[in-house]
Amino acid sequence: MPILANPDVQSLMALPGGCTIAVNFLIFGAANNVIIIQNAENAGEKTGFFEFARVGIPLGFLNLLIYWLWFCYMYS
């Protein structure tokens, strides 16, 4: 990726921010989500794809808003 050849601070800060947001949206956003869902099912709790998404998608958009505000404040 050309942007990572000579990265600036904004690019380096946006990378983990984007990864954090992606994890929140859906179950398969990260392996740890799948592991937690499997452990919950083994304990008798049932959480489906859409139940996770019903909470994860609004939470992901809230995180996106927070990161956007933070980047506007820090780098404008």
# chains A, B, ... in the order shown; residues from 1 in each chain; ligands from 1

call {"tool": "select_by_dssp", "arguments": {"residues": "chain A", "states": "helix (DSSP H, G or I)", "output": "PyMOL selection string"}}
result
chain A and resi 2-4+9-25+27-29+31-42+49-75

call {"tool": "closest_residue", "arguments": {"among": "A:Phe25, A:Tyr75, A:Phe52, A:Trp68", "to": "A:Ile37", "atoms": "only C-alpha atoms"}}
result
A:Phe52

call {"tool": "residues_around", "arguments": {"residues": "A:Ile21", "least_positions_apart": "5", "cutoff": "8 Å", "atoms": "only C-alpha atoms", "output": "ChimeraX atom specification"}}
result
/A:60-61,63-64

call {"tool": "atom_distance", "arguments": {"atom1": "atom CA of A:Leu59", "atom2": "atom CA of A:Asn24"}}
result
6.7 Å

call {"tool": "residues_around", "arguments": {"residues": "stretch 6-10 of chain A", "least_positions_apart": "5", "cutoff": "12 Å", "atoms": "only C-alpha atoms", "output": "mmCIF file with N, CA and C atoms, in the first residue's frame"}}
result
data_model
loop_
_atom_site.group_PDB
_atom_site.id
_atom_site.type_symbol
_atom_site.label_atom_id
_atom_site.label_comp_id
_atom_site.auth_asym_id
_atom_site.auth_seq_id
_atom_site.Cartn_x
_atom_site.Cartn_y
_atom_site.Cartn_z
ATOM 1 N N MET A 1 0.829 -1.167 0.000
ATOM 2 C CA MET A 1 0.000 0.000 0.000
ATOM 3 C C MET A 1 0.881 1.239 0.000
ATOM 4 N N LEU A 15 -5.630 3.812 11.121
ATOM 5 C CA LEU A 15 -5.571 2.369 10.914
ATOM 6 C C LEU A 15 -6.154 1.596 12.097
ATOM 7 N N PRO A 16 -5.685 1.793 13.336
ATOM 8 C CA PRO A 16 -6.307 1.054 14.442
ATOM 9 C C PRO A 16 -7.746 1.503 14.711
ATOM 10 N N GLY A 17 -8.044 2.768 14.434
ATOM 11 C CA GLY A 17 -9.416 3.226 14.608
ATOM 12 C C GLY A 17 -10.374 2.494 13.696
ATOM 13 N N GLY A 18 -9.989 2.329 12.442
ATOM 14 C CA GLY A 18 -10.819 1.593 11.490
ATOM 15 C C GLY A 18 -10.978 0.139 11.869
ATOM 16 N N TYR A 67 -14.740 8.699 16.686
ATOM 17 C CA TYR A 67 -13.444 8.800 16.010
ATOM 18 C C TYR A 67 -13.405 9.992 15.061
ATOM 19 N N TRP A 68 -14.502 10.216 14.325
ATOM 20 C CA TRP A 68 -14.540 11.333 13.390
ATOM 21 C C TRP A 68 -14.392 12.655 14.126
ATOM 22 N N TRP A 70 -12.997 13.128 17.031
ATOM 23 C CA TRP A 70 -11.651 13.170 17.589
ATOM 24 C C TRP A 70 -10.633 13.565 16.518
ATOM 25 N N PHE A 71 -10.756 12.960 15.334
ATOM 26 C CA PHE A 71 -9.826 13.309 14.249
ATOM 27 C C PHE A 71 -10.011 14.753 13.802
ATOM 28 N N CYS A 72 -11.264 15.212 13.748
ATOM 29 C CA CYS A 72 -11.498 16.635 13.373
ATOM 30 C C CYS A 72 -10.891 17.561 14.402
ATOM 31 N N TYR A 73 -11.001 17.219 15.671
ATOM 32 C CA TYR A 73 -10.457 18.058 16.734
ATOM 33 C C TYR A 73 -8.927 18.031 16.739
ATOM 34 N N MET A 74 -8.353 16.858 16.603
ATOM 35 C CA MET A 74 -6.898 16.709 16.731
ATOM 36 C C MET A 74 -6.138 17.155 15.483
ATOM 37 N N TYR A 75 -6.701 16.959 14.301
ATOM 38 C CA TYR A 75 -5.933 17.162 13.077
ATOM 39 C C TYR A 75 -6.495 18.247 12.166
ATOM 40 N N SER A 76 -7.259 19.173 12.705
ATOM 41 C CA SER A 76 -7.757 20.250 11.840
ATOM 42 C C SER A 76 -7.068 21.565 12.151
#

call {"tool": "closest_residue", "arguments": {"among": "A:Cys19, A:Ala14, A:Ile36, A:Leu26", "to": "A:Phe49", "atoms": "only C-alpha atoms"}}
result
A:Leu26

call {"tool": "residues_around", "arguments": {"residues": "A:Val23", "least_positions_apart": "6", "cutoff": "10 Å", "atoms": "only C-alpha atoms", "output": "number ranges by chain"}}
result
A: 29-33, 56, 60

call {"tool": "decode", "arguments": {"residues": "stretch 28-64 of chain A", "atoms": "N, CA and C atoms", "output": "PDB file, in the first residue's frame"}}
result
ATOM      1  N   PHE A  28     -18.673 -11.707  12.632  1.00  0.00           N
ATOM      2  CA  PHE A  28     -17.460 -12.142  11.955  1.00  0.00           C
ATOM      3  C   PHE A  28     -16.477 -11.002  11.710  1.00  0.00           C
ATOM      4  N   GLY A  29     -16.656  -9.864  12.389  1.00  0.00           N
ATOM      5  CA  GLY A  29     -15.717  -8.749  12.290  1.00  0.00           C
ATOM      6  C   GLY A  29     -14.364  -9.089  12.903  1.00  0.00           C
ATOM      7  N   ALA A  30     -14.365 -10.004  13.850  1.00  0.00           N
ATOM      8  CA  ALA A  30     -13.103 -10.424  14.481  1.00  0.00           C
ATOM      9  C   ALA A  30     -13.283 -11.824  15.055  1.00  0.00           C
ATOM     10  N   ALA A  31     -12.193 -12.536  15.159  1.00  0.00           N
ATOM     11  CA  ALA A  31     -12.235 -13.893  15.685  1.00  0.00           C
ATOM     12  C   ALA A  31     -12.683 -13.917  17.142  1.00  0.00           C
ATOM     13  N   ASN A  32     -12.328 -12.896  17.910  1.00  0.00           N
ATOM     14  CA  ASN A  32     -12.723 -12.909  19.320  1.00  0.00           C
ATOM     15  C   ASN A  32     -14.245 -12.818  19.475  1.00  0.00           C
ATOM     16  N   ASN A  33     -14.950 -12.162  18.551  1.00  0.00           N
ATOM     17  CA  ASN A  33     -16.411 -12.151  18.602  1.00  0.00           C
ATOM     18  C   ASN A  33     -16.966 -13.566  18.470  1.00  0.00           C
ATOM     19  N   VAL A  34     -16.429 -14.323  17.543  1.00  0.00           N
ATOM     20  CA  VAL A  34     -16.894 -15.698  17.320  1.00  0.00           C
ATOM     21  C   VAL A  34     -16.605 -16.551  18.555  1.00  0.00           C
ATOM     22  N   ILE A  35     -15.440 -16.391  19.143  1.00  0.00           N
ATOM     23  CA  ILE A  35     -15.071 -17.171  20.331  1.00  0.00           C
ATOM     24  C   ILE A  35     -16.002 -16.844  21.494  1.00  0.00           C
ATOM     25  N   ILE A  36     -16.304 -15.572  21.692  1.00  0.00           N
ATOM     26  CA  ILE A  36     -17.190 -15.172  22.781  1.00  0.00           C
ATOM     27  C   ILE A  36     -18.594 -15.707  22.553  1.00  0.00           C
ATOM     28  N   ILE A  37     -19.087 -15.650  21.325  1.00  0.00           N
ATOM     29  CA  ILE A  37     -20.419 -16.186  21.016  1.00  0.00           C
ATOM     30  C   ILE A  37     -20.455 -17.690  21.253  1.00  0.00           C
ATOM     31  N   GLN A  38     -19.414 -18.407  20.856  1.00  0.00           N
ATOM     32  CA  GLN A  38     -19.361 -19.846  21.088  1.00  0.00           C
ATOM     33  C   GLN A  38     -19.350 -20.173  22.577  1.00  0.00           C
ATOM     34  N   ASN A  39     -18.569 -19.425  23.357  1.00  0.00           N
ATOM     35  CA  ASN A  39     -18.538 -19.663  24.804  1.00  0.00           C
ATOM     36  C   ASN A  39     -19.878 -19.344  25.445  1.00  0.00           C
ATOM     37  N   ALA A  40     -20.556 -18.316  24.966  1.00  0.00           N
ATOM     38  CA  ALA A  40     -21.887 -17.987  25.485  1.00  0.00           C
ATOM     39  C   ALA A  40     -22.881 -19.097  25.163  1.00  0.00           C
ATOM     40  N   GLU A  41     -22.800 -19.652  23.961  1.00  0.00           N
ATOM     41  CA  GLU A  41     -23.682 -20.751  23.597  1.00  0.00           C
ATOM     42  C   GLU A  41     -23.410 -21.984  24.440  1.00  0.00           C
ATOM     43  N   ASN A  42     -22.139 -22.232  24.757  1.00  0.00           N
ATOM     44  CA  ASN A  42     -21.797 -23.363  25.627  1.00  0.00           C
ATOM     45  C   ASN A  42     -22.340 -23.162  27.040  1.00  0.00           C
ATOM     46  N   ALA A  43     -22.508 -21.916  27.454  1.00  0.00           N
ATOM     47  CA  ALA A  43     -23.051 -21.601  28.781  1.00  0.00           C
ATOM     48  C   ALA A  43     -24.579 -21.531  28.765  1.00  0.00           C
ATOM     49  N   GLY A  44     -25.194 -21.754  27.612  1.00  0.00           N
ATOM     50  CA  GLY A  44     -26.643 -21.786  27.528  1.00  0.00           C
ATOM     51  C   GLY A  44     -27.283 -20.529  26.968  1.00  0.00           C
ATOM     52  N   GLU A  45     -26.507 -19.521  26.663  1.00  0.00           N
ATOM     53  CA  GLU A  45     -27.049 -18.294  26.071  1.00  0.00           C
ATOM     54  C   GLU A  45     -27.046 -18.435  24.553  1.00  0.00           C
ATOM     55  N   LYS A  46     -28.052 -17.878  23.923  1.00  0.00           N
ATOM     56  CA  LYS A  46     -28.123 -17.950  22.461  1.00  0.00           C
ATOM     57  C   LYS A  46     -28.136 -16.540  21.906  1.00  0.00           C
ATOM     58  N   THR A  47     -27.167 -16.226  21.082  1.00  0.00           N
ATOM     59  CA  THR A  47     -27.087 -14.935  20.404  1.00  0.00           C
ATOM     60  C   THR A  47     -26.884 -15.199  18.922  1.00  0.00           C
ATOM     61  N   GLY A  48     -27.827 -14.768  18.139  1.00  0.00           N
ATOM     62  CA  GLY A  48     -27.765 -14.976  16.706  1.00  0.00           C
ATOM     63  C   GLY A  48     -27.074 -13.830  15.993  1.00  0.00           C
ATOM     64  N   PHE A  49     -26.911 -14.017  14.696  1.00  0.00           N
ATOM     65  CA  PHE A  49     -26.247 -13.027  13.861  1.00  0.00           C
ATOM     66  C   PHE A  49     -26.979 -11.689  13.909  1.00  0.00           C
ATOM     67  N   PHE A  50     -28.303 -11.728  13.752  1.00  0.00           N
ATOM     68  CA  PHE A  50     -29.074 -10.487  13.695  1.00  0.00           C
ATOM     69  C   PHE A  50     -29.190  -9.832  15.071  1.00  0.00           C
ATOM     70  N   GLU A  51     -29.206 -10.625  16.132  1.00  0.00           N
ATOM     71  CA  GLU A  51     -29.230 -10.050  17.476  1.00  0.00           C
ATOM     72  C   GLU A  51     -27.936  -9.301  17.762  1.00  0.00           C
ATOM     73  N   PHE A  52     -26.829  -9.872  17.336  1.00  0.00           N
ATOM     74  CA  PHE A  52     -25.535  -9.207  17.501  1.00  0.00           C
ATOM     75  C   PHE A  52     -25.484  -7.939  16.651  1.00  0.00           C
ATOM     76  N   ALA A  53     -25.959  -8.029  15.417  1.00  0.00           N
ATOM     77  CA  ALA A  53     -25.943  -6.878  14.506  1.00  0.00           C
ATOM     78  C   ALA A  53     -26.850  -5.758  15.001  1.00  0.00           C
ATOM     79  N   ARG A  54     -27.955  -6.108  15.653  1.00  0.00           N
ATOM     80  CA  ARG A  54     -28.880  -5.094  16.164  1.00  0.00           C
ATOM     81  C   ARG A  54     -28.202  -4.188  17.185  1.00  0.00           C
ATOM     82  N   VAL A  55     -27.269  -4.732  17.938  1.00  0.00           N
ATOM     83  CA  VAL A  55     -26.502  -3.932  18.892  1.00  0.00           C
ATOM     84  C   VAL A  55     -25.204  -3.427  18.251  1.00  0.00           C
ATOM     85  N   GLY A  56     -24.558  -4.263  17.478  1.00  0.00           N
ATOM     86  CA  GLY A  56     -23.247  -3.945  16.917  1.00  0.00           C
ATOM     87  C   GLY A  56     -23.239  -2.824  15.898  1.00  0.00           C
ATOM     88  N   ILE A  57     -24.233  -2.765  15.048  1.00  0.00           N
ATOM     89  CA  ILE A  57     -24.258  -1.737  14.006  1.00  0.00           C
ATOM     90  C   ILE A  57     -24.435  -0.338  14.600  1.00  0.00           C
ATOM     91  N   PRO A  58     -25.416  -0.124  15.488  1.00  0.00           N
ATOM     92  CA  PRO A  58     -25.486   1.217  16.106  1.00  0.00           C
ATOM     93  C   PRO A  58     -24.240   1.558  16.921  1.00  0.00           C
ATOM     94  N   LEU A  59     -23.692   0.571  17.615  1.00  0.00           N
ATOM     95  CA  LEU A  59     -22.465   0.804  18.378  1.00  0.00           C
ATOM     96  C   LEU A  59     -21.310   1.149  17.457  1.00  0.00           C
ATOM     97  N   GLY A  60     -21.222   0.492  16.317  1.00  0.00           N
ATOM     98  CA  GLY A  60     -20.181   0.806  15.336  1.00  0.00           C
ATOM     99  C   GLY A  60     -20.310   2.219  14.795  1.00  0.00           C
ATOM    100  N   PHE A  61     -21.548   2.644  14.516  1.00  0.00           N
ATOM    101  CA  PHE A  61     -21.746   4.011  14.036  1.00  0.00           C
ATOM    102  C   PHE A  61     -21.444   5.039  15.123  1.00  0.00           C
ATOM    103  N   LEU A  62     -21.758   4.706  16.369  1.00  0.00           N
ATOM    104  CA  LEU A  62     -21.399   5.597  17.475  1.00  0.00           C
ATOM    105  C   LEU A  62     -19.884   5.726  17.591  1.00  0.00           C
ATOM    106  N   ASN A  63     -19.176   4.622  17.478  1.00  0.00           N
ATOM    107  CA  ASN A  63     -17.708   4.665  17.493  1.00  0.00           C
ATOM    108  C   ASN A  63     -17.168   5.464  16.317  1.00  0.00           C
ATOM    109  N   LEU A  64     -17.776   5.304  15.151  1.00  0.00           N
ATOM    110  CA  LEU A  64     -17.358   6.058  13.974  1.00  0.00           C
ATOM    111  C   LEU A  64     -17.518   7.557  14.218  1.00  0.00           C
TER     112      LEU A  64
END
